[in-house]
Amino acid sequence: MLSSIYADHVDALPPLKQERQERYDVAIIGGGLTGVTAALHLAEHGYDVVVLEAETIGSGGSGRNGGHLCQGWPSDFHHISNQLNTHDADLAWQAGMAAVDMVASRVSKHNIECDLQFGYLHAALHQRHLNELLKMQDEWSRRGYNQLTALTDRNALTPHINSQSYCGGLYDRGSGQIQPLKYLMGLALAARAAGAHILENSRVIKINRSAKKTLHLHNAPLLTADRVLLCGNAYLTDIGLPDMLRRLAQVTSSVLATTSLSENMIQHILPSRATVADCNTALNYYRIDADNRMIFGGRASYTNVNLGNVEADLRRRMAAVFPVLADAETDRVWSGRIGITVNRIPHFGRTDDDIYFVQGFSGHGVALTGLAGTILADAIMGDAERFDVMQSLRHTPFPGGILRTPALALGMSWYKLKDRLKL
């Protein structure tokens with residue numbers, strides 16, 4: 001698996017100085033943003049915690065994503081609020097809208113240099129998209145979020161983007177971008193400084209469930225813990241609980257990075273340097289990073305098989321939005337797995353024997369994963385109000401049984417066709 005371009009600018013996690021223990025209060029499986037944030041939060045409150053990462057910190061989706069830092073939940077909030085009473089719906093709304101602020105707060109508190117930048121454009125390809133964005137603005141403003149500006153025609157888009165692909169959009173001053181691996185590594189170093197043990201190349205192959213959970217690791221001694229957090233999202237196939245596996249679909253997403261663009265080129269295509277995502281179901285999403293490279297994502301495989309030339313497809317998509325980038329040189333192309341749920345809401349849960357989990361961030365993981373890790377940690381520490389609300393949400397299993405992946409791919413083909421036909 002080709003490494004992301006982010007890894008070129010991030011040093012490996014230093015060797016662990018503490019001695020490896022046999023027993024911990026909490027064992028966290030998965031060294032991505034959810035697991036590391038939970039570890040930091042628990043360690044800061046005096047818990048003896050270990051993070052067990054099968055490969056290296058950030059080798060999964062947390063260190064390989066597009067770097068988009070988005071407000072809110074991945075789907076229309078009514079999918080959440082319709083299932084809750086008014087108090088709990090308000091609590092869920094406030095939690096989702098706190099996710100980006102939580103990232104900014106940790107960046108400031110731990111002095112993490114991660115190229116955090118605000119300014120986000122939701123781009124409409126046709127009138128239906130624009131109508132949906134205006135409806136979103138209305139709903140969010142009624143709940144007190146005042147960072148959205150409607151851009152109702154191409155002229156209004158001009159300060160932010162120069163492309164004939166879009167008819168309007170919604171500009172969000174409260175969302176933006178981040179170098180995700182820098183941020184994750186900063187959190188990992190802060191967690192270690194707070195006393196957390198972070199063990200890389202520590203793949204858990206089995207969990208014996210009893211009063212003390214016994215974790216079997218590949219080529220390593222056993223560990224025991226009072227409680228276990230499963231934070232591997234789309235990378236937990238081998239040890240995920242059946243209830244988790246039925247409600248999560250793995251999607252392979254790919255990203256292309258160009259070589260550095262000139263300042264004149266950037267001013268021509270994205271004058272405000274806004275981070276951008278369009279409104280298609282199979283969307284394009286892109287940004288200009290701190291090194292003036294276009295980071296362009298948008299090729300998702302719902303069969304988890306990359307058919308054809310990934311780079312050629314991404315270049316075609318990029319040139320369709322910005323014809324002037326048709327000849328831009330590619331620096332790197334990479335892929336990673338994300339997890340989605342049927343309703344695009346993260347799936348929280350807990351077993352009777354104190355195994356907690358969360359999964360399915362559905363493309364909003366940079367912000368929501370940190371929120372989810374904090375919610376899990378709070379539940380461990382006895383404040384389970386937000387966890388209980390999120391756990392109460394219904395999650396339908398993906399249909400299809402052993403044919404689930406082909407069924408998902410077929411369903412997505414229908415939505416892609418609707419996108420192309422502008423239905």
# chains A, B, ... in the order shown; residues from 1 in each chain; ligands from 1
$ select_by_dssp --residues "range 19-194 of chain A" --states "alpha helix (DSSP H)" --output "PyMOL selection string"
chain A and resi 33-44+78-81+86-109+127-142+154-157+180-193
$ residues_around --residues "Ile355 in chain A" --least-positions-apart "2" --cutoff "10 Å" --atoms "only C-alpha atoms" --output "list in words"
Val26, Ala27, Ile28, Arg209, Lys213, Asp226, Arg227, Val228, Leu229, Leu230, Leu241, Gly349, Arg350, Thr351, Asp352, Asp353 and Phe357 of chain A
$ write_last_selection --atoms "N, CA, C and O atoms" --output "PDB file, in the first residue's frame"
ATOM      1  N   VAL A  26      -7.617   0.196  30.734  1.00  0.00           N
ATOM      2  CA  VAL A  26      -8.326   0.237  29.454  1.00  0.00           C
ATOM      3  C   VAL A  26      -7.363  -0.119  28.329  1.00  0.00           C
ATOM      4  O   VAL A  26      -6.252   0.423  28.268  1.00  0.00           O
ATOM      5  N   ALA A  27      -7.784  -1.018  27.462  1.00  0.00           N
ATOM      6  CA  ALA A  27      -7.042  -1.319  26.238  1.00  0.00           C
ATOM      7  C   ALA A  27      -7.827  -0.796  25.054  1.00  0.00           C
ATOM      8  O   ALA A  27      -9.029  -1.054  24.925  1.00  0.00           O
ATOM      9  N   ILE A  28      -7.162  -0.051  24.194  1.00  0.00           N
ATOM     10  CA  ILE A  28      -7.788   0.549  23.011  1.00  0.00           C
ATOM     11  C   ILE A  28      -7.184  -0.101  21.775  1.00  0.00           C
ATOM     12  O   ILE A  28      -5.962  -0.072  21.583  1.00  0.00           O
ATOM     13  N   ARG A 209     -13.198 -12.857  26.450  1.00  0.00           N
ATOM     14  CA  ARG A 209     -14.082 -11.962  27.181  1.00  0.00           C
ATOM     15  C   ARG A 209     -14.461 -12.573  28.517  1.00  0.00           C
ATOM     16  O   ARG A 209     -15.097 -13.606  28.606  1.00  0.00           O
ATOM     17  N   LYS A 213     -10.519  -8.766  30.459  1.00  0.00           N
ATOM     18  CA  LYS A 213     -10.375  -9.121  29.056  1.00  0.00           C
ATOM     19  C   LYS A 213      -8.925  -9.510  28.791  1.00  0.00           C
ATOM     20  O   LYS A 213      -8.004  -8.776  29.167  1.00  0.00           O
ATOM     21  N   ASP A 226      -9.396  -4.175  32.103  1.00  0.00           N
ATOM     22  CA  ASP A 226     -10.752  -4.188  32.647  1.00  0.00           C
ATOM     23  C   ASP A 226     -11.783  -3.890  31.561  1.00  0.00           C
ATOM     24  O   ASP A 226     -12.860  -4.473  31.538  1.00  0.00           O
ATOM     25  N   ARG A 227     -11.447  -2.938  30.685  1.00  0.00           N
ATOM     26  CA  ARG A 227     -12.356  -2.553  29.620  1.00  0.00           C
ATOM     27  C   ARG A 227     -11.599  -2.407  28.309  1.00  0.00           C
ATOM     28  O   ARG A 227     -10.406  -2.089  28.305  1.00  0.00           O
ATOM     29  N   VAL A 228     -12.318  -2.623  27.208  1.00  0.00           N
ATOM     30  CA  VAL A 228     -11.719  -2.583  25.878  1.00  0.00           C
ATOM     31  C   VAL A 228     -12.522  -1.629  25.001  1.00  0.00           C
ATOM     32  O   VAL A 228     -13.761  -1.638  25.023  1.00  0.00           O
ATOM     33  N   LEU A 229     -11.822  -0.790  24.248  1.00  0.00           N
ATOM     34  CA  LEU A 229     -12.441   0.063  23.248  1.00  0.00           C
ATOM     35  C   LEU A 229     -12.018  -0.417  21.868  1.00  0.00           C
ATOM     36  O   LEU A 229     -10.821  -0.541  21.599  1.00  0.00           O
ATOM     37  N   LEU A 230     -12.977  -0.674  21.007  1.00  0.00           N
ATOM     38  CA  LEU A 230     -12.702  -1.057  19.623  1.00  0.00           C
ATOM     39  C   LEU A 230     -12.810   0.192  18.760  1.00  0.00           C
ATOM     40  O   LEU A 230     -13.893   0.706  18.526  1.00  0.00           O
ATOM     41  N   LEU A 241     -16.989  -7.169  16.473  1.00  0.00           N
ATOM     42  CA  LEU A 241     -18.148  -7.915  16.955  1.00  0.00           C
ATOM     43  C   LEU A 241     -19.139  -8.116  15.814  1.00  0.00           C
ATOM     44  O   LEU A 241     -19.256  -7.267  14.927  1.00  0.00           O
ATOM     45  N   GLY A 349     -21.716   1.658  20.429  1.00  0.00           N
ATOM     46  CA  GLY A 349     -22.291   0.518  21.129  1.00  0.00           C
ATOM     47  C   GLY A 349     -21.430   0.049  22.279  1.00  0.00           C
ATOM     48  O   GLY A 349     -20.270   0.448  22.441  1.00  0.00           O
ATOM     49  N   ARG A 350     -22.025  -0.822  23.092  1.00  0.00           N
ATOM     50  CA  ARG A 350     -21.343  -1.380  24.253  1.00  0.00           C
ATOM     51  C   ARG A 350     -21.933  -2.752  24.534  1.00  0.00           C
ATOM     52  O   ARG A 350     -23.146  -2.958  24.443  1.00  0.00           O
ATOM     53  N   THR A 351     -21.072  -3.702  24.870  1.00  0.00           N
ATOM     54  CA  THR A 351     -21.534  -5.036  25.247  1.00  0.00           C
ATOM     55  C   THR A 351     -21.748  -5.097  26.759  1.00  0.00           C
ATOM     56  O   THR A 351     -21.327  -4.204  27.499  1.00  0.00           O
ATOM     57  N   ASP A 352     -22.376  -6.166  27.197  1.00  0.00           N
ATOM     58  CA  ASP A 352     -22.635  -6.324  28.635  1.00  0.00           C
ATOM     59  C   ASP A 352     -21.348  -6.525  29.437  1.00  0.00           C
ATOM     60  O   ASP A 352     -21.356  -6.368  30.660  1.00  0.00           O
ATOM     61  N   ASP A 353     -20.267  -6.886  28.760  1.00  0.00           N
ATOM     62  CA  ASP A 353     -19.013  -7.129  29.489  1.00  0.00           C
ATOM     63  C   ASP A 353     -17.966  -6.037  29.225  1.00  0.00           C
ATOM     64  O   ASP A 353     -16.762  -6.282  29.223  1.00  0.00           O
ATOM     65  N   PHE A 357     -17.505   0.431  21.525  1.00  0.00           N
ATOM     66  CA  PHE A 357     -17.047   0.621  20.152  1.00  0.00           C
ATOM     67  C   PHE A 357     -17.738   1.808  19.513  1.00  0.00           C
ATOM     68  O   PHE A 357     -18.799   2.264  19.954  1.00  0.00           O
TER      69      PHE A 357
END
$ select_by_dssp --residues "range 92-135 of chain A" --states "strand (DSSP E or B)" --output "PyMOL selection string"
chain A and resi 117-124
$ write_last_selection --atoms "N, CA and C atoms" --output "PDB file, in the first residue's frame"
ATOM      1  N   GLN A 117      -6.496  25.275   8.800  1.00  0.00           N
ATOM      2  CA  GLN A 117      -6.964  26.444   8.054  1.00  0.00           C
ATOM      3  C   GLN A 117      -8.475  26.358   7.890  1.00  0.00           C
ATOM      4  N   PHE A 118      -9.162  27.481   8.066  1.00  0.00           N
ATOM      5  CA  PHE A 118     -10.626  27.497   7.975  1.00  0.00           C
ATOM      6  C   PHE A 118     -11.091  28.113   6.664  1.00  0.00           C
ATOM      7  N   GLY A 119     -12.314  27.740   6.282  1.00  0.00           N
ATOM      8  CA  GLY A 119     -12.926  28.181   5.034  1.00  0.00           C
ATOM      9  C   GLY A 119     -13.269  26.982   4.180  1.00  0.00           C
ATOM     10  N   TYR A 120     -14.581  26.712   4.018  1.00  0.00           N
ATOM     11  CA  TYR A 120     -15.027  25.481   3.352  1.00  0.00           C
ATOM     12  C   TYR A 120     -16.173  25.799   2.406  1.00  0.00           C
ATOM     13  N   LEU A 121     -16.141  25.206   1.220  1.00  0.00           N
ATOM     14  CA  LEU A 121     -17.168  25.440   0.216  1.00  0.00           C
ATOM     15  C   LEU A 121     -17.874  24.136  -0.136  1.00  0.00           C
ATOM     16  N   HIS A 122     -19.185  24.096   0.102  1.00  0.00           N
ATOM     17  CA  HIS A 122     -20.039  23.027  -0.404  1.00  0.00           C
ATOM     18  C   HIS A 122     -20.524  23.479  -1.779  1.00  0.00           C
ATOM     19  N   ALA A 123     -20.138  22.771  -2.827  1.00  0.00           N
ATOM     20  CA  ALA A 123     -20.368  23.235  -4.188  1.00  0.00           C
ATOM     21  C   ALA A 123     -21.519  22.475  -4.844  1.00  0.00           C
ATOM     22  N   ALA A 124     -22.471  23.229  -5.400  1.00  0.00           N
ATOM     23  CA  ALA A 124     -23.649  22.643  -6.039  1.00  0.00           C
ATOM     24  C   ALA A 124     -23.425  22.529  -7.541  1.00  0.00           C
TER      25      ALA A 124
END
$ residues_around --residues "range 189-199 of chain A" --least-positions-apart "5" --cutoff "10 Å" --atoms "only C-alpha atoms" --output "MDAnalysis selection string"
chainID A and resid 13:21 24 27:28 30:31 36:57 106 109:112 184
$ closest_residue --among "A:Arg316, A:Arg203, A:His364, A:Lys182" --to "Ala12 in chain A" --atoms "only C-alpha atoms"
A:Lys182
$ closest_residue --among "A:Cys231, A:Ile5, A:Val324, A:Ala257" --to "Met294 in chain A" --atoms "only C-alpha atoms"
A:Ala257
$ residues_around --residues "Thr224 in chain A" --least-positions-apart "4" --cutoff "7 Å" --atoms "only C-alpha atoms" --output "ChimeraX atom specification"
/A:22-24,212-215
$ atom_distance --atom1 "CA of Ala95 in chain A" --atom2 "CA of Gln177 in chain A"
19.6 Å
